[in-house]
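Coordinates as given in target_1.json (JSON, C-alpha atoms and all ligand atoms):
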[["chain", "number", "residue", "atom", "x", "y", "z"],
["A", 553, "MET", "CA", -80.33, -54.04, -11.90],
["A", 554, "SER", "CA", -82.92, -51.39, -12.71],
["A", 555, "GLU", "CA", -82.15, -49.64, -9.43],
["A", 556, "SER", "CA", -79.98, -47.33, -11.36],
["A", 557, "ARG", "CA", -77.72, -44.48, -11.15],
["A", 558, "LYS", "CA", -76.77, -44.58, -7.50],
["A", 559, "THR", "CA", -75.09, -47.88, -6.68],
["A", 560, "PRO", "CA", -76.93, -49.49, -3.76],
["A", 561, "ASP", "CA", -74.64, -50.39, -0.88],
["A", 562, "MET", "CA", -74.88, -54.16, -0.36],
["A", 563, "PHE", "CA", -73.32, -53.75, 3.08],
["A", 564, "ASP", "CA", -75.53, -50.96, 4.39],
["A", 565, "LEU", "CA", -77.01, -51.66, 7.84],
["A", 566, "SER", "CA", -79.09, -48.48, 8.23],
["A", 567, "GLY", "CA", -82.25, -49.08, 10.22],
["A", 568, "GLN", "CA", -80.95, -52.34, 11.69],
["A", 569, "VAL", "CA", -80.46, -53.11, 15.37],
["A", 570, "ALA", "CA", -77.64, -55.43, 16.39],
["A", 571, "VAL", "CA", -76.83, -56.86, 19.83],
["A", 572, "VAL", "CA", -73.23, -58.03, 20.26],
["A", 573, "THR", "CA", -72.18, -59.90, 23.40],
["A", 574, "GLY", "CA", -68.65, -59.36, 24.72],
["A", 575, "SER", "CA", -68.29, -56.19, 22.67],
["A", 576, "THR", "CA", -65.98, -54.08, 24.84],
["A", 577, "LYS", "CA", -62.77, -55.37, 23.29],
["A", 578, "GLY", "CA", -61.30, -57.72, 20.73],
["A", 579, "ILE", "CA", -63.49, -59.26, 18.04],
["A", 580, "GLY", "CA", -66.82, -58.22, 19.61],
["A", 581, "LYS", "CA", -65.82, -54.56, 19.85],
["A", 582, "ALA", "CA", -64.67, -54.55, 16.22],
["A", 583, "ILE", "CA", -67.99, -56.10, 15.16],
["A", 584, "ALA", "CA", -70.08, -53.54, 17.11],
["A", 585, "ALA", "CA", -67.98, -50.64, 15.83],
["A", 586, "ARG", "CA", -68.01, -51.73, 12.17],
["A", 587, "MET", "CA", -71.74, -52.39, 12.30],
["A", 588, "ALA", "CA", -72.30, -48.87, 13.68],
["A", 589, "GLN", "CA", -70.01, -47.51, 10.97],
["A", 590, "HIS", "CA", -72.31, -49.19, 8.44],
["A", 591, "GLY", "CA", -75.30, -47.40, 9.98],
["A", 592, "ALA", "CA", -76.60, -49.90, 12.56],
["A", 593, "LYS", "CA", -77.86, -49.22, 16.04],
["A", 594, "VAL", "CA", -75.83, -51.46, 18.33],
["A", 595, "VAL", "CA", -76.03, -52.74, 21.88],
["A", 596, "VAL", "CA", -72.59, -52.93, 23.50],
["A", 597, "SER", "CA", -72.26, -55.46, 26.30],
["A", 598, "SER", "CA", -69.84, -57.26, 28.63],
["A", 599, "ARG", "CA", -69.58, -57.93, 32.36],
["A", 600, "LYS", "CA", -67.92, -54.59, 33.31],
["A", 601, "ALA", "CA", -70.30, -51.63, 33.43],
["A", 602, "ASP", "CA", -67.60, -48.93, 33.31],
["A", 603, "VAL", "CA", -65.96, -50.42, 30.21],
["A", 604, "VAL", "CA", -69.35, -50.90, 28.55],
["A", 605, "GLU", "CA", -70.05, -47.21, 29.13],
["A", 606, "ALA", "CA", -66.68, -46.13, 27.71],
["A", 607, "VAL", "CA", -66.98, -48.23, 24.53],
["A", 608, "THR", "CA", -70.58, -47.09, 24.00],
["A", 609, "ALA", "CA", -69.44, -43.45, 24.18],
["A", 610, "GLU", "CA", -66.58, -44.18, 21.78],
["A", 611, "ILE", "CA", -68.90, -45.71, 19.17],
["A", 612, "ASN", "CA", -71.41, -42.86, 19.50],
["A", 613, "ARG", "CA", -68.58, -40.35, 19.07],
["A", 614, "ASP", "CA", -66.98, -42.08, 16.07],
["A", 615, "PHE", "CA", -69.98, -43.25, 14.04],
["A", 616, "ALA", "CA", -72.93, -40.90, 14.71],
["A", 617, "ALA", "CA", -72.18, -39.21, 11.37],
["A", 618, "ASN", "CA", -72.75, -42.57, 9.61],
["A", 619, "GLY", "CA", -76.12, -43.07, 11.35],
["A", 620, "GLY", "CA", -74.58, -45.42, 13.91],
["A", 621, "GLU", "CA", -75.79, -45.29, 17.48],
["A", 622, "ALA", "CA", -74.97, -47.34, 20.58],
["A", 623, "ILE", "CA", -76.40, -48.11, 23.98],
["A", 624, "GLY", "CA", -74.55, -50.09, 26.65],
["A", 625, "VAL", "CA", -76.01, -52.91, 28.74],
["A", 626, "PRO", "CA", -73.76, -54.85, 31.12],
["A", 627, "ALA", "CA", -74.49, -58.59, 31.18],
["A", 628, "ASN", "CA", -72.76, -61.84, 32.07],
["A", 629, "ILE", "CA", -73.89, -64.22, 29.35],
["A", 630, "GLY", "CA", -73.50, -67.21, 31.66],
["A", 631, "ARG", "CA", -76.49, -66.00, 33.72],
["A", 632, "ARG", "CA", -79.90, -66.35, 32.11],
["A", 633, "PRO", "CA", -81.61, -63.41, 33.89],
["A", 634, "GLU", "CA", -78.85, -61.10, 32.62],
["A", 635, "CYS", "CA", -79.31, -62.45, 29.07],
["A", 636, "GLU", "CA", -83.03, -61.74, 29.35],
["A", 637, "ALA", "CA", -82.32, -58.21, 30.61],
["A", 638, "LEU", "CA", -79.92, -57.58, 27.72],
["A", 639, "VAL", "CA", -82.51, -58.53, 25.11],
["A", 640, "ALA", "CA", -85.25, -56.62, 26.95],
["A", 641, "ALA", "CA", -83.10, -53.45, 27.03],
["A", 642, "ALA", "CA", -82.59, -53.58, 23.25],
["A", 643, "MET", "CA", -86.30, -54.18, 22.67],
["A", 644, "ASP", "CA", -87.27, -51.35, 25.07],
["A", 645, "LYS", "CA", -84.98, -48.92, 23.31],
["A", 646, "TRP", "CA", -85.58, -49.78, 19.67],
["A", 647, "GLY", "CA", -88.45, -52.32, 19.53],
["A", 648, "GLN", "CA", -86.53, -54.72, 17.31],
["A", 649, "ILE", "CA", -83.40, -56.85, 17.06],
["A", 650, "ASP", "CA", -82.32, -57.66, 13.51],
["A", 651, "THR", "CA", -78.95, -59.23, 14.23],
["A", 652, "PHE", "CA", -77.73, -61.02, 17.32],
["A", 653, "VAL", "CA", -74.02, -61.80, 17.63],
["A", 654, "ALA", "CA", -73.14, -64.44, 20.24],
["A", 655, "ASN", "CA", -69.49, -63.48, 20.52],
["A", 656, "ALA", "CA", -68.48, -63.78, 24.19],
["A", 657, "ALA", "CA", -67.07, -67.13, 25.27],
["A", 658, "ILE", "CA", -64.79, -68.48, 27.96],
["A", 659, "ASN", "CA", -61.91, -70.91, 28.16],
["A", 660, "PRO", "CA", -60.95, -71.41, 31.83],
["A", 661, "TYR", "CA", -59.23, -74.81, 31.64],
["A", 662, "TYR", "CA", -55.96, -76.01, 30.10],
["A", 663, "GLY", "CA", -55.22, -79.72, 30.28],
["A", 664, "PRO", "CA", -56.38, -83.13, 29.11],
["A", 665, "LEU", "CA", -60.10, -83.34, 28.48],
["A", 666, "HIS", "CA", -60.56, -86.44, 30.61],
["A", 667, "GLU", "CA", -59.16, -84.60, 33.65],
["A", 668, "ILE", "CA", -61.34, -81.49, 33.45],
["A", 669, "PRO", "CA", -63.24, -80.83, 36.70],
["A", 670, "GLU", "CA", -66.98, -81.24, 36.17],
["A", 671, "GLU", "CA", -67.58, -77.69, 37.34],
["A", 672, "ALA", "CA", -65.21, -76.21, 34.73],
["A", 673, "PHE", "CA", -66.77, -78.33, 31.98],
["A", 674, "ALA", "CA", -70.28, -77.24, 33.00],
["A", 675, "LYS", "CA", -69.19, -73.59, 33.01],
["A", 676, "ILE", "CA", -67.68, -73.82, 29.51],
["A", 677, "MET", "CA", -70.75, -75.54, 28.11],
["A", 678, "SER", "CA", -73.22, -73.22, 29.81],
["A", 679, "THR", "CA", -71.41, -70.04, 28.69],
["A", 680, "ASN", "CA", -70.37, -71.12, 25.18],
["A", 681, "VAL", "CA", -73.30, -73.36, 24.19],
["A", 682, "GLN", "CA", -76.28, -73.03, 26.53],
["A", 683, "SER", "CA", -76.15, -69.23, 26.46],
["A", 684, "PRO", "CA", -76.41, -68.92, 22.64],
["A", 685, "ILE", "CA", -79.35, -71.35, 22.84],
["A", 686, "TRP", "CA", -81.02, -69.09, 25.46],
["A", 687, "PHE", "CA", -80.43, -66.09, 23.22],
["A", 688, "SER", "CA", -81.88, -67.89, 20.20],
["A", 689, "GLY", "CA", -85.08, -68.46, 22.15],
["A", 690, "LEU", "CA", -85.11, -64.84, 23.32],
["A", 691, "VAL", "CA", -84.56, -63.15, 19.94],
["A", 692, "CYS", "CA", -85.83, -65.49, 17.21],
["A", 693, "PRO", "CA", -89.58, -65.24, 17.88],
["A", 694, "GLN", "CA", -89.57, -61.44, 17.40],
["A", 695, "MET", "CA", -87.28, -61.79, 14.36],
["A", 696, "ALA", "CA", -89.71, -64.32, 12.87],
["A", 697, "ALA", "CA", -92.69, -62.07, 13.60],
["A", 698, "ARG", "CA", -90.93, -59.21, 11.78],
["A", 699, "GLY", "CA", -90.01, -61.21, 8.67],
["A", 700, "GLY", "CA", -86.55, -62.49, 9.53],
["A", 701, "GLY", "CA", -83.21, -61.81, 11.15],
["A", 702, "ASN", "CA", -79.68, -62.86, 11.52],
["A", 703, "PHE", "CA", -77.98, -64.91, 14.28],
["A", 704, "ILE", "CA", -74.18, -65.11, 14.28],
["A", 705, "VAL", "CA", -72.11, -67.23, 16.63],
["A", 706, "ILE", "CA", -68.36, -66.63, 16.88],
["A", 707, "SER", "CA", -67.00, -70.16, 16.97],
["A", 708, "SER", "CA", -63.35, -71.11, 16.34],
["A", 709, "ILE", "CA", -61.32, -73.32, 14.05],
["A", 710, "GLY", "CA", -60.69, -75.17, 17.33],
["A", 711, "GLY", "CA", -64.14, -76.67, 16.73],
["A", 712, "ALA", "CA", -62.73, -78.54, 13.75],
["A", 713, "TYR", "CA", -59.68, -80.05, 15.48],
["A", 714, "GLY", "CA", -58.80, -82.22, 18.44],
["A", 715, "ASP", "CA", -56.62, -80.38, 20.94],
["A", 716, "PRO", "CA", -54.64, -81.87, 23.86],
["A", 717, "LYS", "CA", -54.95, -78.72, 26.05],
["A", 718, "ILE", "CA", -58.25, -77.00, 25.30],
["A", 719, "GLY", "CA", -60.44, -79.95, 24.37],
["A", 720, "ALA", "CA", -63.54, -78.78, 26.25],
["A", 721, "TYR", "CA", -63.38, -75.31, 24.69],
["A", 722, "CYS", "CA", -63.02, -76.92, 21.23],
["A", 723, "LEU", "CA", -65.95, -79.22, 21.98],
["A", 724, "SER", "CA", -68.06, -76.17, 22.81],
["A", 725, "LYS", "CA", -66.99, -74.45, 19.57],
["A", 726, "ALA", "CA", -67.92, -77.55, 17.55],
["A", 727, "ALA", "CA", -71.30, -77.51, 19.29],
["A", 728, "ASP", "CA", -71.78, -73.90, 18.12],
["A", 729, "MET", "CA", -71.33, -75.09, 14.52],
["A", 730, "GLN", "CA", -74.05, -77.69, 15.01],
["A", 731, "LEU", "CA", -76.25, -75.14, 16.78],
["A", 732, "VAL", "CA", -76.44, -72.93, 13.68],
["A", 733, "ARG", "CA", -77.25, -75.95, 11.50],
["A", 734, "ASN", "CA", -80.05, -76.85, 13.87],
["A", 735, "MET", "CA", -81.31, -73.27, 14.07],
["A", 736, "THR", "CA", -81.40, -73.27, 10.27],
["A", 737, "VAL", "CA", -83.84, -76.17, 10.09],
["A", 738, "GLU", "CA", -85.90, -74.74, 12.96],
["A", 739, "TRP", "CA", -85.97, -71.06, 11.89],
["A", 740, "GLY", "CA", -84.89, -70.90, 8.23],
["A", 741, "SER", "CA", -88.45, -70.90, 6.95],
["A", 742, "ALA", "CA", -89.00, -67.74, 9.04],
["A", 743, "ASN", "CA", -86.09, -66.15, 7.13],
["A", 744, "ILE", "CA", -83.74, -66.27, 10.11],
["A", 745, "ARG", "CA", -80.20, -66.93, 8.98],
["A", 746, "ALA", "CA", -77.95, -68.55, 11.57],
["A", 747, "ASN", "CA", -74.23, -68.87, 10.86],
["A", 748, "CYS", "CA", -70.93, -69.34, 12.67],
["A", 749, "VAL", "CA", -67.73, -67.48, 11.98],
["A", 750, "ALA", "CA", -64.72, -69.60, 12.92],
["A", 751, "PRO", "CA", -61.49, -67.63, 13.26],
["A", 752, "ALA", "CA", -57.96, -68.95, 13.58],
["A", 753, "LEU", "CA", -55.56, -67.05, 15.86],
["A", 754, "VAL", "CA", -56.60, -63.40, 16.21],
["A", 755, "LYS", "CA", -54.50, -60.86, 18.13],
["A", 756, "THR", "CA", -56.76, -60.17, 21.12],
["A", 757, "ASP", "CA", -56.35, -60.47, 24.89],
["A", 758, "PHE", "CA", -58.14, -63.83, 24.77],
["A", 759, "ALA", "CA", -55.30, -65.43, 22.81],
["A", 760, "ARG", "CA", -52.47, -63.23, 24.14],
["A", 761, "ALA", "CA", -50.60, -66.18, 25.69],
["A", 762, "LEU", "CA", -50.35, -67.74, 22.22],
["A", 763, "TRP", "CA", -49.26, -64.77, 20.12],
["A", 764, "GLU", "CA", -47.04, -63.03, 22.72],
["A", 765, "ASN", "CA", -44.85, -66.11, 23.10],
["A", 766, "PRO", "CA", -42.28, -65.65, 20.28],
["A", 767, "VAL", "CA", -41.87, -69.40, 19.64],
["A", 768, "ARG", "CA", -45.61, -70.04, 19.47],
["A", 769, "HIS", "CA", -46.10, -66.92, 17.36],
["A", 770, "GLU", "CA", -43.46, -68.04, 14.85],
["A", 771, "THR", "CA", -44.83, -71.57, 14.78],
["A", 772, "ALA", "CA", -48.32, -70.25, 14.11],
["A", 773, "LEU", "CA", -47.10, -68.00, 11.29],
["A", 774, "MET", "CA", -45.40, -70.95, 9.59],
["A", 775, "THR", "CA", -48.81, -72.60, 9.18],
["A", 776, "TYR", "CA", -50.61, -69.49, 7.85],
["A", 777, "PRO", "CA", -50.14, -69.07, 4.09],
["A", 778, "LEU", "CA", -51.01, -65.35, 4.38],
["A", 779, "LYS", "CA", -48.12, -65.03, 6.85],
["A", 780, "ARG", "CA", -49.91, -62.98, 9.46],
["A", 781, "LEU", "CA", -52.21, -63.57, 12.40],
["A", 782, "GLY", "CA", -55.76, -62.26, 12.36],
["A", 783, "ASP", "CA", -56.87, -58.79, 13.35],
["A", 784, "PRO", "CA", -60.33, -58.21, 14.93],
["A", 785, "ASP", "CA", -61.39, -56.31, 11.78],
["A", 786, "ASP", "CA", -60.74, -59.45, 9.72],
["A", 787, "ILE", "CA", -63.68, -60.98, 11.58],
["A", 788, "ALA", "CA", -65.81, -57.82, 11.85],
["A", 789, "GLY", "CA", -66.10, -57.52, 8.06],
["A", 790, "ILE", "CA", -67.59, -61.02, 7.85],
["A", 791, "ALA", "CA", -70.18, -60.16, 10.52],
["A", 792, "VAL", "CA", -71.16, -56.97, 8.63],
["A", 793, "MET", "CA", -71.50, -59.01, 5.43],
["A", 794, "LEU", "CA", -73.68, -61.64, 7.12],
["A", 795, "ALA", "CA", -75.99, -58.98, 8.58],
["A", 796, "SER", "CA", -76.30, -57.06, 5.32],
["A", 797, "ARG", "CA", -77.97, -57.64, 1.94],
["A", 798, "ALA", "CA", -74.72, -59.23, 0.78],
["A", 799, "GLY", "CA", -75.17, -62.18, 3.15],
["A", 800, "GLN", "CA", -78.86, -62.87, 2.75],
["A", 801, "TRP", "CA", -78.60, -66.34, 1.23],
["A", 802, "ILE", "CA", -75.95, -67.72, 3.60],
["A", 803, "CYS", "CA", -77.54, -69.94, 6.18],
["A", 804, "GLY", "CA", -76.45, -72.77, 8.49],
["A", 805, "GLN", "CA", -72.77, -72.35, 7.56],
["A", 806, "THR", "CA", -69.49, -72.01, 9.36],
["A", 807, "LEU", "CA", -67.34, -69.42, 7.61],
["A", 808, "ILE", "CA", -63.70, -70.15, 8.36],
["A", 809, "VAL", "CA", -61.49, -67.06, 8.54],
["A", 810, "ASP", "CA", -57.96, -68.28, 9.03],
["A", 811, "GLY", "CA", -55.39, -66.66, 6.74],
["A", 812, "GLY", "CA", -55.48, -69.84, 4.64],
["A", 813, "MET", "CA", -54.33, -72.13, 7.44],
["A", 814, "MET", "CA", -56.83, -74.94, 6.94],
["A", 815, "ALA", "CA", -56.26, -75.01, 3.19],
["A", 816, "GLY", "CA", -52.71, -76.11, 3.93],
["A", 817, "ALA", "CA", -53.92, -78.50, 6.64],
["A", 818, "GLY", "CA", -51.50, -76.86, 9.09],
["A", 819, "ARG", "CA", -48.51, -77.59, 6.81],
["A", 820, "PHE", "CA", -45.28, -75.91, 8.01],
["A", 821, "GLU", "CA", -43.28, -73.62, 5.72],
["B", 1, "LIG", "N1", -58.75, -64.43, 19.68],
["B", 1, "LIG", "C1", -58.69, -65.57, 19.03],
["B", 1, "LIG", "O1", -57.61, -66.03, 18.59],
["B", 1, "LIG", "C2", -59.95, -66.33, 18.77],
["B", 1, "LIG", "C3", -59.89, -67.41, 17.85],
["B", 1, "LIG", "C4", -61.04, -68.13, 17.60],
["B", 1, "LIG", "C5", -62.22, -67.79, 18.22],
["B", 1, "LIG", "N2", -62.28, -66.75, 19.11],
["B", 1, "LIG", "C6", -63.56, -66.44, 19.72],
["B", 1, "LIG", "O2", -63.84, -65.08, 19.53],
["B", 1, "LIG", "C7", -64.71, -64.63, 20.57],
["B", 1, "LIG", "C8", -64.20, -63.31, 21.13],
["B", 1, "LIG", "O3", -62.90, -63.51, 21.63],
["B", 1, "LIG", "P1", -61.82, -62.34, 21.67],
["B", 1, "LIG", "O4", -60.54, -62.97, 21.21],
["B", 1, "LIG", "O5", -62.28, -61.13, 20.99],
["B", 1, "LIG", "O6", -61.73, -62.11, 23.25],
["B", 1, "LIG", "P2", -61.37, -60.81, 24.13],
["B", 1, "LIG", "O7", -60.58, -59.83, 23.39],
["B", 1, "LIG", "O8", -60.85, -61.36, 25.41],
["B", 1, "LIG", "O9", -62.82, -60.17, 24.40],
["B", 1, "LIG", "C9", -63.81, -60.91, 25.07],
["B", 1, "LIG", "C10", -65.02, -60.03, 25.32],
["B", 1, "LIG", "O10", -66.04, -60.82, 25.93],
["B", 1, "LIG", "C11", -66.37, -60.28, 27.22],
["B", 1, "LIG", "N3", -66.73, -61.40, 28.08],
["B", 1, "LIG", "C12", -65.94, -62.40, 28.53],
["B", 1, "LIG", "N4", -66.64, -63.26, 29.28],
["B", 1, "LIG", "C13", -67.92, -62.80, 29.30],
["B", 1, "LIG", "C14", -69.11, -63.24, 29.91],
["B", 1, "LIG", "N5", -69.16, -64.35, 30.67],
["B", 1, "LIG", "N6", -70.24, -62.52, 29.73],
["B", 1, "LIG", "C15", -70.22, -61.41, 28.97],
["B", 1, "LIG", "N7", -69.12, -60.93, 28.36],
["B", 1, "LIG", "C16", -67.98, -61.62, 28.54],
["B", 1, "LIG", "C17", -65.15, -59.46, 27.63],
["B", 1, "LIG", "O11", -65.44, -58.42, 28.52],
["B", 1, "LIG", "P3", -65.49, -58.60, 30.13],
["B", 1, "LIG", "O12", -64.30, -59.41, 30.52],
["B", 1, "LIG", "O13", -65.47, -57.20, 30.63],
["B", 1, "LIG", "O14", -66.79, -59.28, 30.42],
["B", 1, "LIG", "C18", -64.75, -58.90, 26.26],
["B", 1, "LIG", "O15", -65.57, -57.79, 25.92],
["B", 1, "LIG", "C19", -64.81, -65.77, 21.57],
["B", 1, "LIG", "O16", -65.99, -66.50, 21.32],
["B", 1, "LIG", "C20", -63.60, -66.65, 21.23],
["B", 1, "LIG", "O17", -63.82, -68.00, 21.57],
["B", 1, "LIG", "C21", -61.16, -66.02, 19.40]]
Could the structure of this file be written out as structure tokens, please?
Amino acid sequence: MSESRKTPDMFDLSGQVAVVTGSTKGIGKAIAARMAQHGAKVVVSSRKADVVEAVTAEINRDFAANGGEAIGVPANIGRRPECEALVAAAMDKWGQIDTFVANAAINPYYGPLHEIPEEAFAKIMSTNVQSPIWFSGLVCPQMAARGGGNFIVISSIGGAYGDPKIGAYCLSKAADMQLVRNMTVEWGSANIRANCVAPALVKTDFARALWENPVRHETALMTYPLKRLGDPDDIAGIAVMLASRAGQWICGQTLIVDGGMMAGAGRFE
């Protein structure tokens, strides 16, 4: 408390480098943008090069005055060589990665879990679980060598429930929660903090089929005590907090961000 007159900003990310997968729209874009707004250098990424370029330009335009800066690197996170190239591009440009956000995920199958084609199951697990494990191996050693870092996985409240239609996706999101616990015992002593953020329904393209259907939308709202669905910024603020001084003693956790839904155990009102 002796620091004084000027209040230090607990959420300042100046000097930090963050890589965010799937950051051209939705939750990932909000995370990359808010991190840049808080002074971070960010790597924007997704599978489409032209969109990556456009979002990178947007962030550079909007947040340069705050010290934010962006580069764009297209990558499909389901392919290991592209994951390696993404990390290498960040290291080549800035020589460090302080925060890695494993945000991109897929959900290509709707139906009973026991009927899922093996290929679809393998794709979900390799993109949503294997890929964050690859990234942990690619970024944690340099974080450890530099005194620590921050690894965030965007999971889902689906990882805490059974679901008759998206069981494999939910299984992968539950695995993400266990992944950060495991990373904590493997990397915590190197001051690497691994955490999941688990949102409920957020208004993005990913969940459009759920919130654009008026009946499903209404049904969802009845179970959310705050009486609104999530906005990408509701998740971005948590990621900024985890990466900043404010989040430095949070480790191995899953932070549920759900408008109060789980507190009411899905009770209808
Ligand atoms: N929205 C929700 O209600 C909700 C709730 C709970 C959890 N989540 C989780 O939040 C995360 C982000 O979802 P969102 O709702 O923000 O989705 P979104 O708006 O559809 O955005 C997904 C982003 O990921 C990219 N992407 C998709 N597949 C990719 C791949 N294989 N490799 C690299 N990038 C890829 C997309 O760009 P390209 O298509 O150009 O590659 C896009 O930038 C996911 O992990 C999701 O499971 C979402």
Which residue of A:Ile649, A:Leu762, A:Ala656, A:Ile706 approaches Ile744 in chain A most closely, using all atoms listed in the file: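 Comparing A:Ile649, A:Leu762, A:Ala656, A:Ile706 against Ile744 in chain A, the winner is A:Ile649.
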Report, as lines of an AutoDock Vina configuration file, the centre and edge lengths in Å (one decimal) of the axis-aligned box enclosing every listed atom of range 700-716 of chain A, padded by 3 Å on each side.
center_x = -70.6
center_y = -72.0
center_z = 16.7
size_x = 37.9
size_y = 26.4
size_z = 20.3
Nearest to ligand LIG 1 (chain B), chosen from A:Gln682, A:Gln694, A:Gln730, A:Thr756, with all atoms listed in the file counted in the distances: A:Thr756
Near-range 695-704 of chain A list (6 Å; only C-alpha atoms; drop same-chain fewer than 2 positions) as a PyMOL selection string: chain A and resi 650-653+692-693+742-748
Site check for ligand LIG 1 (chain B): residues at most 8 Å away, only C-alpha atoms and all ligand atoms, as a VMD selection string: chain A and resid 573 to 581 597 to 601 603 to 604 626 to 630 654 to 659 679 to 680 705 to 710 721 725 750 to 760 782 784
Nearest to Val607 in chain A by atom-to-atom distance, counting only C-alpha atoms, from A:Ala584, A:Ala817, A:Ala640, A:Ala592: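 Smallest distance to Val607 in chain A is found for A:Ala584.
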Atom pair CA of Thr736 in chain A / CA of Ala570 in chain A: separation (Å):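 Pair CA of Thr736 in chain A / CA of Ala570 in chain A returns 19.2 Å.
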Lys645 in chain A environment, 10 Å, all atoms listed in the file, sequence neighbours closer than 3 positions dropped, as a PyMOL selection string: chain A and resi 595+623+640-642+648
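Using all atoms listed in the file, the protein and nucleic acid residues lying no more than 8 Å from range 610-612 of chain A, apart from those fewer than 4 places from it along its own chain, are Ala585, Ala588, Ala606, Ala616, Gly620, Glu621 and Ala622 of chain A.
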Supply range 712-728 of chain A as a PDB file, keeping the file's coordinate frame, with N, CA and C atoms built in where the input has gaps.
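Produced file selection.pdb, reproduced below:
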ATOM      1  N   ALA A 712     -62.941 -77.578  14.834  1.00  0.00           N
ATOM      2  CA  ALA A 712     -62.730 -78.540  13.750  1.00  0.00           C
ATOM      3  C   ALA A 712     -61.538 -79.457  14.005  1.00  0.00           C
ATOM      4  N   TYR A 713     -60.889 -79.276  15.163  1.00  0.00           N
ATOM      5  CA  TYR A 713     -59.680 -80.050  15.480  1.00  0.00           C
ATOM      6  C   TYR A 713     -59.779 -80.679  16.869  1.00  0.00           C
ATOM      7  N   GLY A 714     -59.044 -81.753  17.072  1.00  0.00           N
ATOM      8  CA  GLY A 714     -58.800 -82.220  18.440  1.00  0.00           C
ATOM      9  C   GLY A 714     -57.677 -81.365  19.016  1.00  0.00           C
ATOM     10  N   ASP A 715     -57.678 -81.172  20.331  1.00  0.00           N
ATOM     11  CA  ASP A 715     -56.620 -80.380  20.940  1.00  0.00           C
ATOM     12  C   ASP A 715     -56.290 -80.963  22.316  1.00  0.00           C
ATOM     13  N   PRO A 716     -55.004 -81.217  22.591  1.00  0.00           N
ATOM     14  CA  PRO A 716     -54.640 -81.870  23.860  1.00  0.00           C
ATOM     15  C   PRO A 716     -54.796 -80.975  25.086  1.00  0.00           C
ATOM     16  N   LYS A 717     -54.917 -79.638  24.896  1.00  0.00           N
ATOM     17  CA  LYS A 717     -54.950 -78.720  26.050  1.00  0.00           C
ATOM     18  C   LYS A 717     -56.300 -78.045  26.262  1.00  0.00           C
ATOM     19  N   ILE A 718     -56.993 -77.761  25.154  1.00  0.00           N
ATOM     20  CA  ILE A 718     -58.250 -77.000  25.300  1.00  0.00           C
ATOM     21  C   ILE A 718     -59.419 -77.770  24.669  1.00  0.00           C
ATOM     22  N   GLY A 719     -59.443 -79.057  24.979  1.00  0.00           N
ATOM     23  CA  GLY A 719     -60.440 -79.950  24.370  1.00  0.00           C
ATOM     24  C   GLY A 719     -61.874 -79.550  24.671  1.00  0.00           C
ATOM     25  N   ALA A 720     -62.149 -79.113  25.898  1.00  0.00           N
ATOM     26  CA  ALA A 720     -63.540 -78.780  26.250  1.00  0.00           C
ATOM     27  C   ALA A 720     -63.981 -77.518  25.520  1.00  0.00           C
ATOM     28  N   TYR A 721     -63.074 -76.538  25.439  1.00  0.00           N
ATOM     29  CA  TYR A 721     -63.380 -75.310  24.690  1.00  0.00           C
ATOM     30  C   TYR A 721     -63.672 -75.669  23.224  1.00  0.00           C
ATOM     31  N   CYS A 722     -62.824 -76.534  22.636  1.00  0.00           N
ATOM     32  CA  CYS A 722     -63.020 -76.920  21.230  1.00  0.00           C
ATOM     33  C   CYS A 722     -64.343 -77.675  21.050  1.00  0.00           C
ATOM     34  N   LEU A 723     -64.666 -78.515  22.026  1.00  0.00           N
ATOM     35  CA  LEU A 723     -65.950 -79.220  21.980  1.00  0.00           C
ATOM     36  C   LEU A 723     -67.106 -78.213  21.958  1.00  0.00           C
ATOM     37  N   SER A 724     -66.985 -77.166  22.773  1.00  0.00           N
ATOM     38  CA  SER A 724     -68.060 -76.170  22.810  1.00  0.00           C
ATOM     39  C   SER A 724     -68.144 -75.413  21.481  1.00  0.00           C
ATOM     40  N   LYS A 725     -66.995 -75.183  20.838  1.00  0.00           N
ATOM     41  CA  LYS A 725     -66.990 -74.450  19.570  1.00  0.00           C
ATOM     42  C   LYS A 725     -67.521 -75.311  18.429  1.00  0.00           C
ATOM     43  N   ALA A 726     -67.310 -76.639  18.526  1.00  0.00           N
ATOM     44  CA  ALA A 726     -67.920 -77.550  17.550  1.00  0.00           C
ATOM     45  C   ALA A 726     -69.427 -77.579  17.752  1.00  0.00           C
ATOM     46  N   ALA A 727     -69.857 -77.521  19.011  1.00  0.00           N
ATOM     47  CA  ALA A 727     -71.300 -77.510  19.290  1.00  0.00           C
ATOM     48  C   ALA A 727     -71.952 -76.260  18.692  1.00  0.00           C
ATOM     49  N   ASP A 728     -71.237 -75.122  18.718  1.00  0.00           N
ATOM     50  CA  ASP A 728     -71.780 -73.900  18.120  1.00  0.00           C
ATOM     51  C   ASP A 728     -72.050 -74.101  16.616  1.00  0.00           C
TER      52      ASP A 728
END
